[in-house]
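K.L.:
I am sharing structure-v2.cif, which consists of mmCIF, C-alpha atoms:
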```
data_structure
#
loop_
_atom_site.label_atom_id
_atom_site.label_comp_id
_atom_site.auth_asym_id
_atom_site.auth_seq_id
_atom_site.Cartn_x
_atom_site.Cartn_y
_atom_site.Cartn_z
CA SER M 1 85.29 92.29 -48.14
CA SER M 2 87.89 89.64 -48.05
CA GLN M 3 86.46 87.57 -45.20
CA ARG M 4 87.64 84.02 -45.06
CA ARG M 5 84.99 81.42 -44.82
CA ARG M 6 85.67 78.89 -42.11
CA ALA M 7 85.20 75.26 -42.84
CA PRO M 8 82.49 73.51 -40.82
CA LEU M 9 83.74 72.36 -37.42
CA SER M 10 83.40 68.72 -38.41
CA SER M 11 85.89 69.17 -41.22
CA GLN M 12 88.38 71.33 -39.29
CA ARG M 13 91.56 69.70 -38.16
CA ILE M 14 91.75 69.72 -34.38
CA GLU M 15 95.18 69.51 -32.87
CA HIS M 16 95.40 67.40 -29.74
CA SER M 17 97.66 68.64 -26.99
CA PRO M 18 97.71 68.37 -23.22
CA ALA M 19 96.93 72.09 -22.91
CA ARG M 20 93.90 71.79 -25.20
CA ALA M 21 92.70 68.72 -23.34
CA MET M 22 92.99 70.53 -20.00
CA LEU M 23 91.12 73.55 -21.39
CA ALA M 24 88.38 71.28 -22.75
CA ARG M 25 87.99 69.58 -19.34
CA ARG M 26 87.73 72.96 -17.61
CA LEU M 27 85.15 74.20 -20.09
CA LEU M 28 83.09 71.03 -19.76
CA THR M 29 83.31 71.13 -15.97
CA SER M 30 82.28 74.77 -15.75
CA ALA M 31 79.36 74.18 -18.12
CA ARG M 32 77.85 71.43 -15.97
CA PRO M 33 74.52 72.24 -14.36
CA ARG M 34 74.53 73.29 -10.70
CA ALA M 35 72.87 70.04 -9.66
CA PHE M 36 76.01 68.19 -10.75
CA ALA M 37 78.06 70.22 -8.29
CA ALA M 38 75.81 69.14 -5.40
CA SER M 39 78.30 66.42 -4.47
CA ARG M 40 80.53 69.22 -3.11
CA GLY M 41 77.61 70.99 -1.52
CA PHE M 42 75.51 74.00 -2.33
CA ALA M 43 77.64 76.56 -0.71
CA ALA M 44 81.10 77.85 -0.51
CA VAL M 45 82.92 79.10 2.51
CA GLY M 46 81.77 82.66 3.13
CA ASP M 47 78.15 82.19 2.03
CA ARG M 48 75.35 83.14 4.43
CA PHE M 49 73.24 80.29 5.78
CA PRO M 50 69.84 80.15 4.02
CA ALA M 51 67.05 82.18 5.63
CA VAL M 52 64.64 79.36 6.46
CA SER M 53 62.65 78.13 9.46
CA LEU M 54 62.76 74.59 10.81
CA ASP M 55 60.30 72.88 13.16
CA SER M 56 60.87 71.99 16.79
CA GLY M 57 58.70 69.47 18.62
CA PHE M 58 55.06 68.66 18.07
CA PRO M 59 52.87 70.51 17.55
CA PRO M 60 55.76 72.26 15.87
CA SER M 61 57.09 75.66 16.77
CA LYS M 62 59.04 77.54 14.10
CA VAL M 63 62.76 78.08 14.58
CA ASP M 64 64.21 80.93 12.52
CA MET M 65 67.66 79.67 11.57
CA ALA M 66 69.10 83.17 11.06
CA GLN M 67 68.25 83.99 14.68
CA ARG M 68 69.35 80.58 15.97
CA LEU M 69 72.78 80.86 14.30
CA ALA M 70 73.41 84.54 15.10
CA GLY M 71 76.42 85.32 17.26
CA LYS M 72 77.64 81.77 17.79
CA LYS M 73 79.64 78.91 16.32
CA THR M 74 77.39 76.01 15.31
CA ILE M 75 77.64 72.76 13.41
CA VAL M 76 74.54 72.11 11.30
CA VAL M 77 74.19 68.44 10.36
CA GLY M 78 71.79 67.16 7.73
CA LEU M 79 70.91 63.47 7.76
CA PRO M 80 68.80 61.24 5.47
CA GLY M 81 66.39 60.17 8.17
CA ALA M 82 65.63 59.76 11.84
CA PHE M 83 66.10 56.30 13.33
CA THR M 84 68.18 55.09 10.36
CA PRO M 85 71.08 52.76 11.26
CA VAL M 86 74.11 54.94 10.45
CA CYS M 87 72.48 58.12 11.78
CA SER M 88 71.39 56.48 15.06
CA GLY M 89 74.31 54.11 15.50
CA LYS M 90 77.26 56.28 14.52
CA GLN M 91 76.58 59.88 13.57
CA VAL M 92 74.58 61.22 16.52
CA PRO M 93 76.54 59.15 19.09
CA GLY M 94 79.74 60.50 17.50
CA TYR M 95 78.72 64.09 18.16
CA LEU M 96 77.58 63.24 21.70
CA ALA M 97 80.93 61.57 22.41
CA LYS M 98 82.91 64.57 21.11
CA GLN M 99 81.09 67.30 23.04
CA ALA M 100 84.10 68.27 25.17
CA GLU M 101 86.34 68.44 22.10
CA LEU M 102 83.81 70.53 20.18
CA LYS M 103 83.29 72.91 23.11
CA ALA M 104 87.07 73.34 23.39
CA LYS M 105 87.04 74.47 19.74
CA GLY M 106 84.35 77.05 20.51
CA VAL M 107 81.36 75.15 19.08
CA GLN M 108 78.27 76.03 21.10
CA GLU M 109 75.64 73.82 19.45
CA VAL M 110 75.23 70.92 17.04
CA ILE M 111 71.91 71.08 15.21
CA VAL M 112 70.77 67.85 13.57
CA CYS M 113 68.05 68.16 10.97
CA CYS M 114 66.24 65.65 8.77
CA VAL M 115 63.33 65.64 6.36
CA ASN M 116 60.95 64.30 8.99
CA ASP M 117 58.19 65.93 11.01
CA GLY M 118 58.65 67.46 14.45
CA ALA M 119 57.07 64.51 16.27
CA VAL M 120 59.53 62.06 14.70
CA MET M 121 62.49 64.29 15.48
CA GLN M 122 61.28 64.75 19.07
CA ALA M 123 60.99 60.99 19.54
CA TRP M 124 64.40 60.43 17.95
CA ALA M 125 65.99 63.04 20.24
CA LYS M 126 64.57 61.16 23.24
CA ASP M 127 65.80 57.84 21.82
CA GLN M 128 69.31 59.27 21.32
CA GLY M 129 69.44 60.85 24.79
CA VAL M 130 70.36 64.36 23.61
CA GLU M 131 68.49 66.23 26.37
CA GLY M 132 70.95 68.36 28.34
CA SER M 133 73.65 68.02 25.66
CA MET M 134 74.87 70.49 23.04
CA VAL M 135 73.05 68.43 20.36
CA SER M 136 69.54 69.47 19.32
CA PHE M 137 67.17 68.05 16.73
CA LEU M 138 65.06 70.12 14.32
CA ALA M 139 62.71 68.97 11.57
CA ASP M 140 62.99 70.08 7.96
CA THR M 141 59.35 69.03 7.55
CA ARG M 142 58.77 70.62 4.15
CA SER M 143 62.36 70.13 2.85
CA GLU M 144 62.82 73.91 2.79
CA LEU M 145 66.39 73.83 4.11
CA THR M 146 67.29 70.77 2.05
CA LYS M 147 66.07 72.46 -1.14
CA ALA M 148 67.69 75.80 -0.27
CA LEU M 149 71.00 73.98 0.19
CA ASP M 150 70.49 72.02 -3.06
CA LEU M 151 71.14 68.83 -1.09
CA VAL M 152 68.06 66.77 -1.95
CA LEU M 153 68.72 63.04 -1.81
CA ASP M 154 66.51 61.57 -4.51
CA ALA M 155 68.66 58.84 -6.07
CA GLU M 156 66.74 55.66 -6.86
CA PRO M 157 68.57 53.40 -4.33
CA ALA M 158 67.83 55.85 -1.50
CA MET M 159 64.24 56.36 -2.63
CA ALA M 160 63.68 52.60 -2.65
CA VAL M 161 64.60 52.46 1.04
CA LEU M 162 63.49 55.86 2.37
CA GLY M 163 60.37 56.32 0.26
CA ASN M 164 60.46 60.02 -0.50
CA PRO M 165 63.21 62.58 -1.20
CA ARG M 166 65.36 63.24 1.83
CA CYS M 167 68.46 65.22 2.76
CA LYS M 168 71.97 64.24 1.76
CA ARG M 169 74.35 63.63 4.65
CA PHE M 170 76.24 66.87 5.35
CA ALA M 171 77.91 68.96 8.03
CA LEU M 172 78.34 72.74 7.90
CA LEU M 173 80.39 74.79 10.32
CA VAL M 174 78.54 78.09 10.70
CA GLU M 175 79.84 81.14 12.58
CA ASP M 176 77.41 83.98 13.15
CA GLY M 177 75.30 82.85 10.18
CA VAL M 178 78.26 82.54 7.79
CA ILE M 179 79.38 79.14 6.48
CA LYS M 180 83.00 78.45 7.37
CA ALA M 181 83.30 74.81 6.26
CA VAL M 182 81.24 72.41 4.11
CA ARG M 183 81.28 68.60 4.06
CA VAL M 184 78.81 66.63 1.94
CA ALA M 185 79.02 62.83 1.87
CA GLY M 186 79.10 61.20 -1.54
CA GLY M 187 81.56 60.69 -4.35
CA ASP M 188 85.04 60.85 -2.85
CA VAL M 189 83.77 62.17 0.52
CA PRO M 190 82.98 59.28 2.91
CA ASP M 191 80.05 59.43 5.34
CA GLU M 192 82.58 59.62 8.20
CA ALA M 193 83.77 63.06 6.98
CA THR M 194 80.44 64.45 8.25
CA PHE M 195 80.65 62.81 11.72
#
```
Could you write out this file's structure as structure tokens?
P.N.:
Amino acid sequence: SSQRRRAPLSSQRIEHSPARAMLARRLLTSARPRAFAASRGFAAVGDRFPAVSLDSGFPPSKVDMAQRLAGKKTIVVGLPGAFTPVCSGKQVPGYLAKQAELKAKGVQEVIVCCVNDGAVMQAWAKDQGVEGSMVSFLADTRSELTKALDLVLDAEPAMAVLGNPRCKRFALLVEDGVIKAVRVAGGDVPDEATF
């Protein structure tokens, strides 16, 4: 039994090289908890959209998202809150203005959802003038979609303004229930990338 005893790690000489540094960065990055990766979004291209129901109107009726997304090309947009300045002033009007362009690309619907109740979303839809357009509003009343996507916005600055956890700003291109593209605002992704 001629096993060599290894010196404790703290006393071992560690050679520094670019290859070792790159390996260390990769190991550290892959060991990060899933919540850290939320800045890129919960999902990857090819994942199925979460099997959740959202609320429409008030009193709310349930909308099964698997059924709603089946057989069509849809953009699902998550926003921090109804009636907020960027959402009302830029994001929703941006989708309304680009309807012809989106339809030409085969998009059949843009679904906007927020962590608000159905009554708020119904009032916001009326305020934004989406009736008769390809844009529809659904409520993620219980944050079920937001949690399933791992896109909860609960940073202190946002909580100070919005009060309770909300949804990060995102846009997903979904074809027949399968995610084809993911954009989540934050970090190096500007809000405009989700418009």
K.L.:
Have a look at M:Cys113, M:Met134, M:Lys126, M:Pro80 and name the one nearest to M:Glu101; count all atoms listed in the file.
P.N.:
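Smallest distance to M:Glu101 is found for M:Met134.
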K.L.:
Neighbouring residues of stretch 89-92 of chain M were defined as those with any atom within 12 Å, considering all atoms listed in the file; residues of the same chain fewer than 4 positions away were excluded. Please report them as a compact mmCIF listing (two decimals) with C-alpha atoms, in the frame of the given file.
P.N.:
```txt
# COMPACT_ATOMS: atom_id res chain seq x y z
CA VAL M 77 74.19 68.44 10.36
CA GLY M 78 71.79 67.16 7.73
CA LEU M 79 70.91 63.47 7.76
CA PRO M 80 68.80 61.24 5.47
CA GLY M 81 66.39 60.17 8.17
CA ALA M 82 65.63 59.76 11.84
CA PHE M 83 66.10 56.30 13.33
CA THR M 84 68.18 55.09 10.36
CA PRO M 85 71.08 52.76 11.26
CA LEU M 96 77.58 63.24 21.70
CA ALA M 97 80.93 61.57 22.41
CA LYS M 98 82.91 64.57 21.11
CA GLN M 99 81.09 67.30 23.04
CA VAL M 110 75.23 70.92 17.04
CA ILE M 111 71.91 71.08 15.21
CA VAL M 112 70.77 67.85 13.57
CA CYS M 113 68.05 68.16 10.97
CA TRP M 124 64.40 60.43 17.95
CA ALA M 125 65.99 63.04 20.24
CA ASP M 127 65.80 57.84 21.82
CA GLN M 128 69.31 59.27 21.32
CA GLY M 129 69.44 60.85 24.79
CA VAL M 130 70.36 64.36 23.61
CA SER M 133 73.65 68.02 25.66
CA MET M 134 74.87 70.49 23.04
CA VAL M 135 73.05 68.43 20.36
CA SER M 136 69.54 69.47 19.32
CA PHE M 137 67.17 68.05 16.73
CA ARG M 169 74.35 63.63 4.65
CA PHE M 170 76.24 66.87 5.35
CA ALA M 171 77.91 68.96 8.03
CA ASP M 191 80.05 59.43 5.34
CA GLU M 192 82.58 59.62 8.20
CA ALA M 193 83.77 63.06 6.98
CA THR M 194 80.44 64.45 8.25
CA PHE M 195 80.65 62.81 11.72
```
K.L.:
Grab the atom CA of M:Cys114 to atom CA of M:Val86 distance for me, in Å with one decimal place.
P.N.:
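Going from atom CA of M:Cys114 over to atom CA of M:Val86, I get 13.4 Å.
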K.L.:
Atom CA of M:Leu54 and atom CA of M:Leu173 are how many Å apart?
P.N.:
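Distance reported for this atom pair: 17.6 Å.
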K.L.:
Could you please determine the separation between atom CA of M:Met121 and atom CA of M:Gly46 in Å, to one decimal place?
P.N.:
29.4 Å
K.L.:
Which residues are close to M:Leu151, i.e. within 6 Å by only C-alpha atoms, leaving aside same-chain residues fewer than 4 positions away? Reply as an MDAnalysis selection string.
P.N.:
chainID M and resid 146 167:168
K.L.:
Which is closer to M:Arg183 than all the others in M:Gln67, M:Ile75, M:Val120, M:Gly57, using all atoms listed in the file?
P.N.:
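Residue with the minimum atom-to-atom distance to M:Arg183: M:Ile75.
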K.L.:
Run through the PyMOL selection byres ((chain M and resi 58-65) around 10) on the given coordinates and return the selected residues as a VMD selection string.
P.N.:
chain M and resid 49 to 57 66 to 70 117 to 123 138 to 139 141 145 177
K.L.:
Restricting the calculation to all atoms listed in the file, which member of M:Leu149, M:Asp140, M:Val107, M:Ala100 is positioned closest to M:Lys72?
P.N.:
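Result for the nearest residue to M:Lys72: M:Val107.
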K.L.:
Which residue out of M:Asp176, M:Lys73, M:Val115, M:Cys87 has the minimum interatomic distance to M:Lys103 when only C-alpha atoms are used?
P.N.:
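Checking each candidate against M:Lys103, we get M:Lys73 as the closest.
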K.L.:
Calculated over only C-alpha atoms, which of the candidates M:Pro93, M:Val45, M:Glu175, M:Ala148 has the smallest distance to M:Gln108?
P.N.:
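Result for the nearest residue to M:Gln108: M:Glu175.
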K.L.:
From the list M:Gly71, M:Leu102, M:Asp47, M:Glu131, which residue is nearest M:Ile179 when using only C-alpha atoms?
P.N.:
M:Asp47
